[in-house]
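Trainee: Have a peek at protein17.csv (CSV, C-alpha atoms).
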```csv
chain,number,residue,atom,x,y,z
A,1,MET,CA,25.4,48.1,-32.5
A,2,HIS,CA,24.3,50.2,-29.5
A,3,PHE,CA,23.9,53.3,-31.7
A,4,LEU,CA,21.7,51.4,-34.2
A,5,LEU,CA,19.5,50.1,-31.3
A,6,ARG,CA,19.1,53.6,-30.0
A,7,ILE,CA,17.8,54.8,-33.3
A,8,PHE,CA,15.5,51.7,-33.5
A,9,ASN,CA,14.3,52.5,-30.0
A,10,PHE,CA,13.4,56.1,-31.0
A,11,PHE,CA,11.1,54.9,-33.8
A,12,PHE,CA,9.7,51.6,-32.4
A,13,GLY,CA,10.0,51.7,-28.6
A,14,PRO,CA,12.0,49.7,-26.1
A,15,GLU,CA,10.3,46.3,-26.3
A,16,ARG,CA,10.5,46.0,-30.1
A,17,THR,CA,14.1,47.2,-29.9
A,18,HIS,CA,14.9,44.5,-27.4
A,19,GLY,CA,13.2,41.9,-29.6
A,20,ALA,CA,15.2,43.2,-32.6
A,21,MET,CA,18.5,42.8,-30.6
A,22,VAL,CA,17.6,39.3,-29.6
A,23,CYS,CA,16.8,38.4,-33.2
A,24,LEU,CA,20.1,40.0,-34.4
A,25,LEU,CA,22.1,38.1,-31.9
A,26,ARG,CA,20.4,34.9,-32.8
A,27,ILE,CA,21.3,35.5,-36.5
A,28,VAL,CA,24.9,36.5,-35.6
A,29,GLY,CA,25.2,33.3,-33.5
A,30,CYS,CA,24.5,31.2,-36.5
A,31,ILE,CA,27.5,32.6,-38.4
A,32,PRO,CA,30.6,30.4,-38.1
A,33,GLY,CA,33.3,32.2,-36.0
A,34,SER,CA,30.9,35.0,-34.9
A,35,ARG,CA,31.2,34.2,-31.2
A,36,TRP,CA,35.0,34.2,-31.4
A,37,PHE,CA,34.7,37.7,-33.1
A,38,LEU,CA,32.3,38.9,-30.3
A,39,ARG,CA,34.8,37.8,-27.7
A,40,LYS,CA,37.6,39.7,-29.4
A,41,ILE,CA,35.5,42.9,-29.4
A,42,TYR,CA,33.9,42.8,-26.0
A,43,ALA,CA,35.4,40.2,-23.6
A,44,VAL,CA,38.1,40.9,-21.1
A,45,GLU,CA,39.9,37.8,-19.8
A,46,ASP,CA,42.1,38.0,-16.8
A,47,PRO,CA,42.7,35.5,-13.9
A,48,SER,CA,42.0,38.3,-11.4
A,49,LEU,CA,38.4,38.5,-12.6
A,50,GLU,CA,37.6,34.9,-11.9
A,51,ARG,CA,35.3,34.1,-8.9
A,52,GLU,CA,34.7,30.7,-7.2
A,53,VAL,CA,31.1,30.7,-6.1
A,54,PHE,CA,28.7,27.8,-5.5
A,55,GLY,CA,31.5,25.5,-6.3
A,56,MET,CA,31.6,26.9,-9.8
A,57,ARG,CA,34.2,29.0,-11.5
A,58,PHE,CA,32.8,32.3,-13.0
A,59,LYS,CA,35.1,33.9,-15.5
A,60,ASN,CA,34.2,37.3,-14.1
A,61,PRO,CA,31.6,38.5,-11.6
A,62,ILE,CA,29.3,40.4,-14.0
A,63,GLY,CA,26.2,38.5,-15.2
A,64,VAL,CA,23.0,39.2,-17.2
A,65,ALA,CA,19.9,39.6,-15.1
A,66,ALA,CA,16.7,37.6,-15.8
A,67,GLY,CA,14.4,39.3,-18.3
A,68,PHE,CA,17.1,40.0,-20.8
A,69,ASP,CA,17.1,36.5,-22.3
A,70,ARG,CA,13.7,35.4,-21.2
A,71,ASN,CA,13.6,32.1,-23.2
A,72,GLY,CA,17.3,31.1,-23.3
A,73,GLU,CA,17.8,32.1,-26.9
A,74,ILE,CA,21.0,34.2,-26.8
A,75,TYR,CA,22.9,33.1,-23.7
A,76,ARG,CA,25.8,31.9,-25.8
A,77,GLU,CA,26.1,35.2,-27.6
A,78,LEU,CA,25.9,37.1,-24.3
A,79,SER,CA,28.6,35.0,-22.8
A,80,ALA,CA,30.8,35.7,-25.9
A,81,MET,CA,30.2,39.4,-25.3
A,82,GLY,CA,32.0,39.2,-22.0
A,83,PHE,CA,29.4,38.3,-19.3
A,84,GLY,CA,30.6,35.9,-16.7
A,85,PHE,CA,27.2,34.2,-16.5
A,86,VAL,CA,23.6,34.5,-17.8
A,87,GLU,CA,20.4,34.1,-15.9
A,88,VAL,CA,17.5,33.2,-18.3
A,89,GLY,CA,13.8,33.6,-17.5
A,90,THR,CA,11.6,34.2,-15.8
A,91,ILE,CA,10.4,30.8,-17.0
A,92,THR,CA,6.9,29.6,-16.1
A,93,PRO,CA,5.6,26.0,-16.6
A,94,ARG,CA,3.1,27.2,-19.3
A,95,PRO,CA,3.7,29.8,-22.0
A,96,GLN,CA,2.1,33.2,-21.3
A,97,SER,CA,1.8,36.2,-23.5
A,98,GLY,CA,1.8,38.7,-20.6
A,99,ASN,CA,0.0,42.0,-20.5
A,100,PRO,CA,-1.3,44.0,-23.6
A,101,ARG,CA,1.2,46.3,-25.3
A,102,PRO,CA,2.6,48.8,-24.9
A,103,ARG,CA,4.0,47.5,-21.6
A,104,VAL,CA,7.6,48.7,-21.6
A,105,PHE,CA,8.4,52.4,-21.2
A,106,ARG,CA,11.8,54.2,-21.3
A,107,LEU,CA,12.3,57.2,-19.0
A,108,GLY,CA,15.4,58.9,-20.6
A,109,SER,CA,15.7,61.7,-18.1
A,110,ASP,CA,15.8,59.2,-15.2
A,111,ARG,CA,17.8,56.6,-17.0
A,112,ALA,CA,15.1,54.1,-16.1
A,113,ILE,CA,12.6,51.7,-17.6
A,114,ILE,CA,9.0,50.9,-16.4
A,115,ASN,CA,7.7,47.5,-17.5
A,116,ARG,CA,4.6,45.5,-16.9
A,117,THR,CA,5.2,42.6,-19.2
A,118,GLY,CA,3.7,40.1,-16.8
A,119,LEU,CA,6.5,37.5,-17.0
A,120,ALA,CA,5.8,36.9,-20.7
A,121,ASN,CA,7.8,33.8,-21.9
A,122,LYS,CA,7.5,30.8,-24.1
A,123,GLY,CA,7.2,28.3,-21.3
A,124,LEU,CA,9.0,25.3,-19.9
A,125,ASP,CA,9.2,23.1,-23.0
A,126,TYR,CA,10.6,25.8,-25.2
A,127,ALA,CA,13.2,26.7,-22.6
A,128,ILE,CA,14.3,23.1,-22.3
A,129,SER,CA,14.7,22.9,-26.1
A,130,ARG,CA,17.1,25.9,-25.9
A,131,LEU,CA,19.1,24.8,-22.8
A,132,ARG,CA,19.4,21.0,-23.3
A,133,THR,CA,22.6,21.2,-25.3
A,134,PRO,CA,25.9,21.4,-23.4
A,135,HIS,CA,26.8,25.0,-22.2
A,136,ASP,CA,30.5,24.6,-23.2
A,137,GLY,CA,31.9,26.0,-20.0
A,138,MET,CA,29.3,28.8,-19.7
A,139,ILE,CA,27.4,29.3,-16.4
A,140,VAL,CA,23.6,29.5,-17.1
A,141,GLY,CA,21.1,30.1,-14.3
A,142,CYS,CA,17.3,29.7,-14.6
A,143,ASN,CA,14.9,32.2,-13.0
A,144,ILE,CA,11.6,30.4,-12.3
A,145,GLY,CA,8.2,31.6,-11.4
A,146,LYS,CA,4.5,30.7,-11.3
A,147,ASN,CA,2.0,31.2,-14.1
A,148,THR,CA,-0.3,34.2,-13.7
A,149,ILE,CA,-3.4,32.1,-13.9
A,150,THR,CA,-2.1,29.7,-11.2
A,151,PRO,CA,-3.9,30.3,-7.9
A,152,VAL,CA,-1.7,31.3,-5.0
A,153,GLU,CA,-2.5,28.1,-3.1
A,154,GLU,CA,-1.1,26.1,-6.0
A,155,GLN,CA,2.0,28.2,-6.7
A,156,ALA,CA,4.4,25.7,-5.1
A,157,THR,CA,3.4,23.2,-7.8
A,158,ASP,CA,4.4,25.6,-10.6
A,159,TYR,CA,7.8,26.3,-9.0
A,160,LEU,CA,8.5,22.6,-8.5
A,161,LYS,CA,7.5,21.7,-12.0
A,162,ALA,CA,9.8,24.2,-13.5
A,163,PHE,CA,12.6,23.3,-11.2
A,164,ARG,CA,12.3,19.5,-11.7
A,165,ASN,CA,12.1,19.7,-15.5
A,166,LEU,CA,14.9,22.2,-15.9
A,167,TYR,CA,17.2,20.6,-13.2
A,168,LEU,CA,19.6,19.0,-15.6
A,169,HIS,CA,19.7,21.9,-18.0
A,170,ALA,CA,20.8,24.8,-15.6
A,171,ASP,CA,23.7,25.5,-13.4
A,172,TYR,CA,21.7,27.2,-10.7
A,173,PHE,CA,18.2,28.4,-10.0
A,174,THR,CA,16.7,31.6,-8.8
A,175,VAL,CA,13.2,31.4,-7.2
A,176,ASN,CA,11.5,34.6,-8.2
A,177,VAL,CA,9.2,35.7,-5.3
A,178,SER,CA,9.6,39.4,-5.9
A,179,TYR,CA,7.2,41.8,-7.7
A,180,ASN,CA,5.1,40.3,-10.5
A,181,THR,CA,4.3,43.1,-12.9
A,182,THR,CA,0.9,41.5,-13.7
A,183,PHE,CA,-0.3,42.4,-10.2
A,184,LYS,CA,-0.3,45.4,-7.9
A,185,GLU,CA,0.3,43.3,-4.8
A,186,TYR,CA,3.4,41.4,-3.9
A,187,VAL,CA,3.8,37.6,-3.8
A,188,PRO,CA,4.6,36.1,-1.3
A,189,GLN,CA,6.1,37.8,1.8
A,190,SER,CA,5.6,35.6,4.9
A,191,ARG,CA,8.1,33.0,6.1
A,192,GLU,CA,5.5,30.3,5.8
A,193,SER,CA,4.6,31.1,2.2
A,194,ILE,CA,8.3,31.2,1.2
A,195,LEU,CA,9.0,27.9,2.8
A,196,GLU,CA,6.0,26.4,1.1
A,197,ILE,CA,7.7,27.1,-2.2
A,198,LEU,CA,11.2,26.2,-1.2
A,199,GLN,CA,10.8,23.0,0.8
A,200,PRO,CA,9.6,20.9,-2.2
A,201,LEU,CA,12.7,22.1,-4.2
A,202,PHE,CA,15.0,21.2,-1.4
A,203,GLU,CA,13.4,17.7,-1.1
A,204,PHE,CA,13.7,17.1,-4.8
A,205,ARG,CA,17.4,18.2,-4.9
A,206,ARG,CA,18.2,15.8,-2.1
A,207,GLY,CA,17.4,12.9,-4.4
A,208,GLN,CA,19.6,14.0,-7.3
A,209,ASP,CA,23.1,13.0,-8.1
A,210,GLN,CA,24.0,16.5,-9.1
A,211,TYR,CA,23.7,19.6,-6.9
A,212,ARG,CA,22.1,22.7,-8.2
A,213,PRO,CA,22.3,25.9,-6.0
A,214,ILE,CA,19.0,27.5,-5.2
A,215,LEU,CA,18.7,31.3,-4.7
A,216,LEU,CA,15.8,33.6,-3.7
A,217,LYS,CA,15.1,36.8,-5.6
A,218,ILE,CA,13.6,39.6,-3.5
A,219,SER,CA,12.1,43.0,-4.0
A,220,PRO,CA,13.7,46.3,-3.1
A,221,ASP,CA,10.4,47.5,-1.7
A,222,LEU,CA,10.4,45.0,1.2
A,223,PRO,CA,10.6,46.7,4.6
A,224,ASP,CA,13.9,46.2,6.3
A,225,GLU,CA,12.4,43.7,8.8
A,226,VAL,CA,11.2,41.6,5.9
A,227,VAL,CA,14.6,41.7,4.2
A,228,ASP,CA,16.0,40.4,7.5
A,229,MET,CA,13.4,37.6,7.5
A,230,MET,CA,14.4,36.6,4.0
A,231,THR,CA,18.1,36.6,5.2
A,232,ASP,CA,17.1,34.4,8.1
A,233,ILE,CA,15.4,32.0,5.8
A,234,MET,CA,18.7,31.7,3.9
A,235,ILE,CA,20.6,31.1,7.1
A,236,ASP,CA,18.1,28.6,8.5
A,237,THR,CA,17.5,26.4,5.4
A,238,PRO,CA,19.5,24.8,2.6
A,239,LEU,CA,19.1,28.0,0.5
A,240,ASP,CA,22.4,28.9,-1.2
A,241,GLY,CA,22.1,32.6,-1.6
A,242,ILE,CA,19.9,35.7,-2.4
A,243,VAL,CA,19.5,37.8,-5.5
A,244,ALA,CA,18.8,41.3,-4.4
A,245,THR,CA,17.0,43.1,-5.9
A,246,ASN,CA,14.3,43.1,-8.5
A,247,ALA,CA,12.6,46.3,-9.8
A,248,THR,CA,10.6,48.7,-7.7
A,249,THR,CA,7.1,50.0,-7.7
A,250,SER,CA,8.2,53.3,-6.2
A,251,ARG,CA,8.1,56.5,-8.3
A,252,GLU,CA,9.9,58.6,-5.7
A,253,GLY,CA,12.3,61.3,-6.9
A,254,LEU,CA,11.7,60.8,-10.6
A,255,LYS,CA,12.4,63.6,-13.1
A,256,ALA,CA,9.6,62.4,-15.4
A,257,SER,CA,6.4,64.5,-15.1
A,258,ALA,CA,3.4,63.4,-13.2
A,259,ARG,CA,1.5,63.4,-16.4
A,260,THR,CA,4.0,61.1,-18.1
A,261,LEU,CA,3.9,58.7,-15.2
A,262,LYS,CA,0.1,58.8,-15.1
A,263,ASN,CA,-0.1,57.9,-18.8
A,264,ILE,CA,2.3,55.0,-18.3
A,265,GLY,CA,0.4,53.7,-15.3
A,266,GLN,CA,1.3,50.5,-13.4
A,267,GLY,CA,4.6,48.8,-13.7
A,268,ALA,CA,7.9,48.0,-12.1
A,269,LEU,CA,10.8,50.5,-12.4
A,270,SER,CA,14.4,49.6,-13.0
A,271,GLY,CA,17.5,51.7,-13.6
A,272,ALA,CA,19.3,54.6,-11.9
A,273,PRO,CA,16.6,55.5,-9.3
A,274,LEU,CA,17.0,52.0,-7.8
A,275,THR,CA,20.8,52.1,-7.3
A,276,LYS,CA,20.8,53.4,-3.7
A,277,ARG,CA,18.2,51.0,-2.4
A,278,ALA,CA,19.5,48.0,-4.1
A,279,ILE,CA,23.0,48.6,-2.6
A,280,GLU,CA,21.4,49.2,0.8
A,281,VAL,CA,19.5,45.9,0.7
A,282,VAL,CA,22.7,43.9,-0.3
A,283,ALA,CA,24.7,45.6,2.5
A,284,ARG,CA,22.0,44.7,5.0
A,285,ILE,CA,21.9,41.0,3.9
A,286,TYR,CA,25.7,40.9,4.0
A,287,ALA,CA,25.8,42.3,7.5
A,288,ARG,CA,23.1,40.0,8.9
A,289,SER,CA,24.5,36.9,7.3
A,290,LYS,CA,28.1,37.9,8.4
A,291,GLY,CA,29.3,37.7,4.8
A,292,THR,CA,29.1,33.9,4.8
A,293,TYR,CA,26.5,33.5,2.0
A,294,PRO,CA,26.8,34.4,-1.7
A,295,ILE,CA,24.7,37.5,-2.7
A,296,ILE,CA,24.0,38.4,-6.3
A,297,GLY,CA,23.6,42.2,-6.5
A,298,VAL,CA,21.3,43.6,-9.1
A,299,GLY,CA,19.4,46.8,-9.6
A,300,GLY,CA,20.4,50.3,-10.9
A,301,LEU,CA,23.9,49.3,-11.9
A,302,MET,CA,24.5,51.9,-14.6
A,303,SER,CA,28.3,52.4,-14.5
A,304,PRO,CA,31.5,50.7,-13.5
A,305,GLU,CA,31.4,52.8,-10.3
A,306,ASP,CA,27.9,51.5,-9.4
A,307,ILE,CA,29.1,47.9,-9.9
A,308,LYS,CA,32.2,48.5,-7.8
A,309,ALA,CA,29.9,50.0,-5.0
A,310,MET,CA,27.7,47.0,-5.2
A,311,LEU,CA,30.6,44.6,-4.8
A,312,ASP,CA,32.0,46.7,-2.0
A,313,ALA,CA,28.6,46.4,-0.2
A,314,GLY,CA,29.0,42.7,-0.1
A,315,ALA,CA,27.8,41.3,-3.4
A,316,THR,CA,29.7,38.3,-4.6
A,317,LEU,CA,28.4,38.6,-8.1
A,318,VAL,CA,26.4,41.3,-9.9
A,319,GLN,CA,23.8,41.3,-12.7
A,320,LEU,CA,23.0,44.0,-15.3
A,321,TYR,CA,20.0,44.8,-17.4
A,322,THR,CA,18.9,48.4,-17.6
A,323,GLY,CA,22.5,49.6,-17.4
A,324,VAL,CA,23.2,47.7,-20.6
A,325,VAL,CA,20.1,49.2,-22.3
A,326,PHE,CA,21.4,52.7,-21.6
A,327,GLU,CA,25.2,52.2,-21.7
A,328,GLY,CA,25.6,49.4,-24.2
A,329,MET,CA,27.5,46.1,-24.0
A,330,SER,CA,30.7,48.1,-23.5
A,331,LEU,CA,29.7,48.5,-19.9
A,332,VAL,CA,30.9,45.0,-19.2
A,333,ARG,CA,34.2,45.6,-20.8
A,334,ARG,CA,34.8,48.9,-19.1
A,335,THR,CA,33.9,47.4,-15.7
A,336,CYS,CA,36.2,44.4,-16.2
A,337,LYS,CA,39.1,46.7,-17.2
A,338,MET,CA,38.5,48.8,-14.1
A,339,LEU,CA,38.5,45.7,-11.8
A,340,VAL,CA,41.7,44.4,-13.4
A,341,ALA,CA,43.4,47.7,-13.1
A,342,GLU,CA,42.3,48.0,-9.4
A,343,THR,CA,43.7,44.5,-8.7
A,344,LYS,CA,47.0,45.2,-10.3
A,345,GLY,CA,47.2,48.5,-8.5
A,346,LYS,CA,46.7,46.8,-5.1
A,347,GLY,CA,49.3,44.2,-6.1
A,348,ALA,CA,51.8,47.0,-6.9
A,349,ASP,CA,51.0,48.8,-3.7
A,350,GLU,CA,51.5,45.6,-1.6
A,351,GLN,CA,54.8,44.9,-3.4
A,352,THR,CA,56.0,48.4,-2.7
A,353,SER,CA,55.0,48.1,0.9
A,354,THR,CA,56.9,44.8,1.3
A,355,THR,CA,60.0,46.3,-0.3
A,356,GLU,CA,59.9,49.3,2.0
A,357,GLN,CA,59.7,47.1,5.0
```
Starting from the coordinates I provided, produce the structure as structure tokens.

Mentor:
Amino acid sequence: MHFLLRIFNFFFGPERTHGAMVCLLRIVGCIPGSRWFLRKIYAVEDPSLEREVFGMRFKNPIGVAAGFDRNGEIYRELSAMGFGFVEVGTITPRPQSGNPRPRVFRLGSDRAIINRTGLANKGLDYAISRLRTPHDGMIVGCNIGKNTITPVEEQATDYLKAFRNLYLHADYFTVNVSYNTTFKEYVPQSRESILEILQPLFEFRRGQDQYRPILLKISPDLPDEVVDMMTDIMIDTPLDGIVATNATTSREGLKASARTLKNIGQGALSGAPLTKRAIEVVARIYARSKGTYPIIGVGGLMSPEDIKAMLDAGATLVQLYTGVVFEGMSLVRRTCKMLVAETKGKGADEQTSTTEQ
């Protein structure tokens, strides 16, 4: 399937290719027995892969990052293809079409993607229609944000509306306060503006019978002192964890020509150029929080080795997007096999050490 999508991408571009893949998986999902077949091809199941996080059992630590399944249309199929969890969204209260096309660009030489979709999605009501049925043991998170046309002073209302209405249909929530590809500036960065968004969510959750973890998604472009501030917010409030990181606006060190980048223009970059910074941010959060809070590591994870490095840096779970675009769904299977082999290798070493003693 990955080979066919690469051909499609050559002729039609990355956004239409992604749309074709979503459509294909939706069709496949309607065929009886198809998810069983996908699991047989892609999924690796082993007790050593399981993770207990947020009081939930993840079948493995590798998830799908927000943006891949914007509207909650293929999370069942993605789960069948071996992912331990799926984060849908970003979901905004009202539908929004985003920026004019073309708005997604592939940089093959850099193994990166630049996008300025502007959080295009079908809105809250559509997402609820896709998520309201039982998830059958799958873990599905919702990434929520504000509508582009919503004034900054009213943004907390948008987050609360999405959170409140999706509360019974998601297993956890990610509050997206990182870069919005509609704008050049960032939103929001001060402690006060973050708490203005989070406090109404905490208050609503207190009145519910069921507990839904709340995470904060941050940008890799934040200065280290702001990353520390975000970590302190996690420590000082009922926030359950951090998702680090989103895409970057940096163009430093790219192989693509200046002319190519100028023609593409504005947008957030994801992929291999982000690997080093994303791992640095996760390691910084882990150290400051003394490893006592869950961190979902995302950004530039293009190989099993990248994923292992992110987990070693302190990530409890990881998420993939651009890595799957370039490497295919087999990336999940290859990584899971590597993690299983590593666990069995450690077990054998420990047994040998015990025997020698």

Trainee: When distances are computed from only C-alpha atoms, which of A:Glu225, A:Arg130, A:Val104, A:Leu331 shows the smallest separation from Ile74 (chain A)?

Mentor: A:Arg130

Trainee: Just want the 12 Å neighbourhood of region 194-197 of chain A, counted on all atoms listed in the file, with same-chain residues fewer than 4 positions away dropped. Output as a ChimeraX atom specification.

Mentor: /A:144-146,152-163,175-178,187-190,201-204,214-218,226,229-234,236-239

Trainee: Could you state the separation of CA of Ala309 (chain A) and CA of Lys344 (chain A) in Å, given to one decimal place?

Mentor: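 CA of Lys344 (chain A) lies at a distance of 18.5 Å from CA of Ala309 (chain A).
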
Trainee: Take the point (33.8, 35.8, -18.4) as written in the file and pick out every residue within 6 Å of it, counting only C-alpha atoms; give the list as a list in words.

Mentor: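 With a cut-off of 6 Å, the residues come to Lys59, Asn60, Gly82, Phe83 and Gly84 of chain A.
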
Trainee: Between CA of Glu73 (chain A) and CA of Val22 (chain A), what distance in Å does the model show, to one decimal?

Mentor: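 Calculated distance between CA of Glu73 (chain A) and CA of Val22 (chain A) is 7.7 Å.
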
Trainee: Which residues are near Gly141 (chain A)? Cut-off 10 Å, all atoms listed in the file, ignore same chain within fewer than 3 positions. Put them as a list in words.

Mentor: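 The contact residues come out as Gly63, Val64, Ala65, Ala66, Gly72, Phe85, Val86, Glu87, Val88, Gly89, Met138, Ile144, His169, Ala170, Asp171, Tyr172, Phe173, Thr174, Arg212, Pro213, Ile214 and Leu215 of chain A.
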
Trainee: Keeping only C-alpha atoms, write the selected residues to a file as a compact mmCIF listing (two decimals), keeping the file's coordinate frame.

Mentor:
```
# COMPACT_ATOMS: atom_id res chain seq x y z
CA GLY A 63 26.20 38.50 -15.20
CA VAL A 64 23.00 39.20 -17.20
CA ALA A 65 19.90 39.60 -15.10
CA ALA A 66 16.70 37.60 -15.80
CA GLY A 72 17.30 31.10 -23.30
CA PHE A 85 27.20 34.20 -16.50
CA VAL A 86 23.60 34.50 -17.80
CA GLU A 87 20.40 34.10 -15.90
CA VAL A 88 17.50 33.20 -18.30
CA GLY A 89 13.80 33.60 -17.50
CA MET A 138 29.30 28.80 -19.70
CA ILE A 144 11.60 30.40 -12.30
CA HIS A 169 19.70 21.90 -18.00
CA ALA A 170 20.80 24.80 -15.60
CA ASP A 171 23.70 25.50 -13.40
CA TYR A 172 21.70 27.20 -10.70
CA PHE A 173 18.20 28.40 -10.00
CA THR A 174 16.70 31.60 -8.80
CA ARG A 212 22.10 22.70 -8.20
CA PRO A 213 22.30 25.90 -6.00
CA ILE A 214 19.00 27.50 -5.20
CA LEU A 215 18.70 31.30 -4.70
```

Trainee: Return the single residue from A:Tyr286, A:Tyr42, A:Phe37, A:Tyr211 that is closest to Val227 (chain A), with distances computed using only C-alpha atoms.

Mentor: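 Closest to Val227 (chain A), using only C-alpha atoms: A:Tyr286.
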
Trainee: One decimal, in Å: what's the spacing between CA of Val28 (chain A) and CA of Ala43 (chain A)?

Mentor: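 So the answer is 16.4 Å.
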
Trainee: My list of candidates is A:Ala256, A:Leu124, A:Ile149, A:Cys23. Which is closest to Asp110 (chain A) when distances are computed with all atoms listed in the file?

Mentor: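 Of A:Ala256, A:Leu124, A:Ile149, A:Cys23, the one nearest Asp110 (chain A), counting all atoms listed in the file, is A:Ala256.
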
Trainee: Leaving out Asp312 (chain A) and any residue of its chain fewer than 2 positions from it, which residues lie within 12 Å of it when counting all atoms listed in the file, given as a list in words?

Mentor: Ile279, Glu280, Val282, Ala283, Tyr286, Gly291, Ile295, Gly297, Glu305, Asp306, Ile307, Lys308, Ala309, Met310, Gly314, Ala315, Thr316, Leu317, Val318 and Leu339 of chain A

Trainee: Return the single residue from A:Pro220, A:Asp209, A:Arg333, A:Asn165 that is closest to Arg284 (chain A), with distances computed using all atoms listed in the file.

Mentor: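 Checking each of A:Pro220, A:Asp209, A:Arg333, A:Asn165 against Arg284 (chain A), counting all atoms listed in the file, the winner is A:Pro220.
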
Trainee: Write out, as CSV, each residue of region 113-162 of chain A that has an atom at most 12 Å from region 322-330 of chain A, together with the closest pair of atoms and their distance in Å to one decimal, counting all atoms listed in the file, rows going by chain and rising number.

Mentor:
```
residue,atom,partner,partner_atom,distance
A:Ile113,CA,A:Thr322,CA,7.1
A:Ile114,CA,A:Thr322,CA,10.3
A:Asn115,CA,A:Thr322,CA,11.2
```

Trainee: Restricted to C-alpha atoms, what would the selected residues look like written as a tab-separated table (two decimals), in the coordinates of the input?

Mentor:
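Once everything was written out, this is part32.tsv:
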```
chain	number	residue	atom	x	y	z
A	113	ILE	CA	12.60	51.70	-17.60
A	114	ILE	CA	9.00	50.90	-16.40
A	115	ASN	CA	7.70	47.50	-17.50
```

Trainee: Within 12 Å of Glu252 (chain A), counting all atoms listed in the file, which residues qualify if same-chain residues fewer than 2 places away don't, as a PyMOL selection string?

Mentor: chain A and resi 110+221+248-250+254-258+261+269+272-274+277
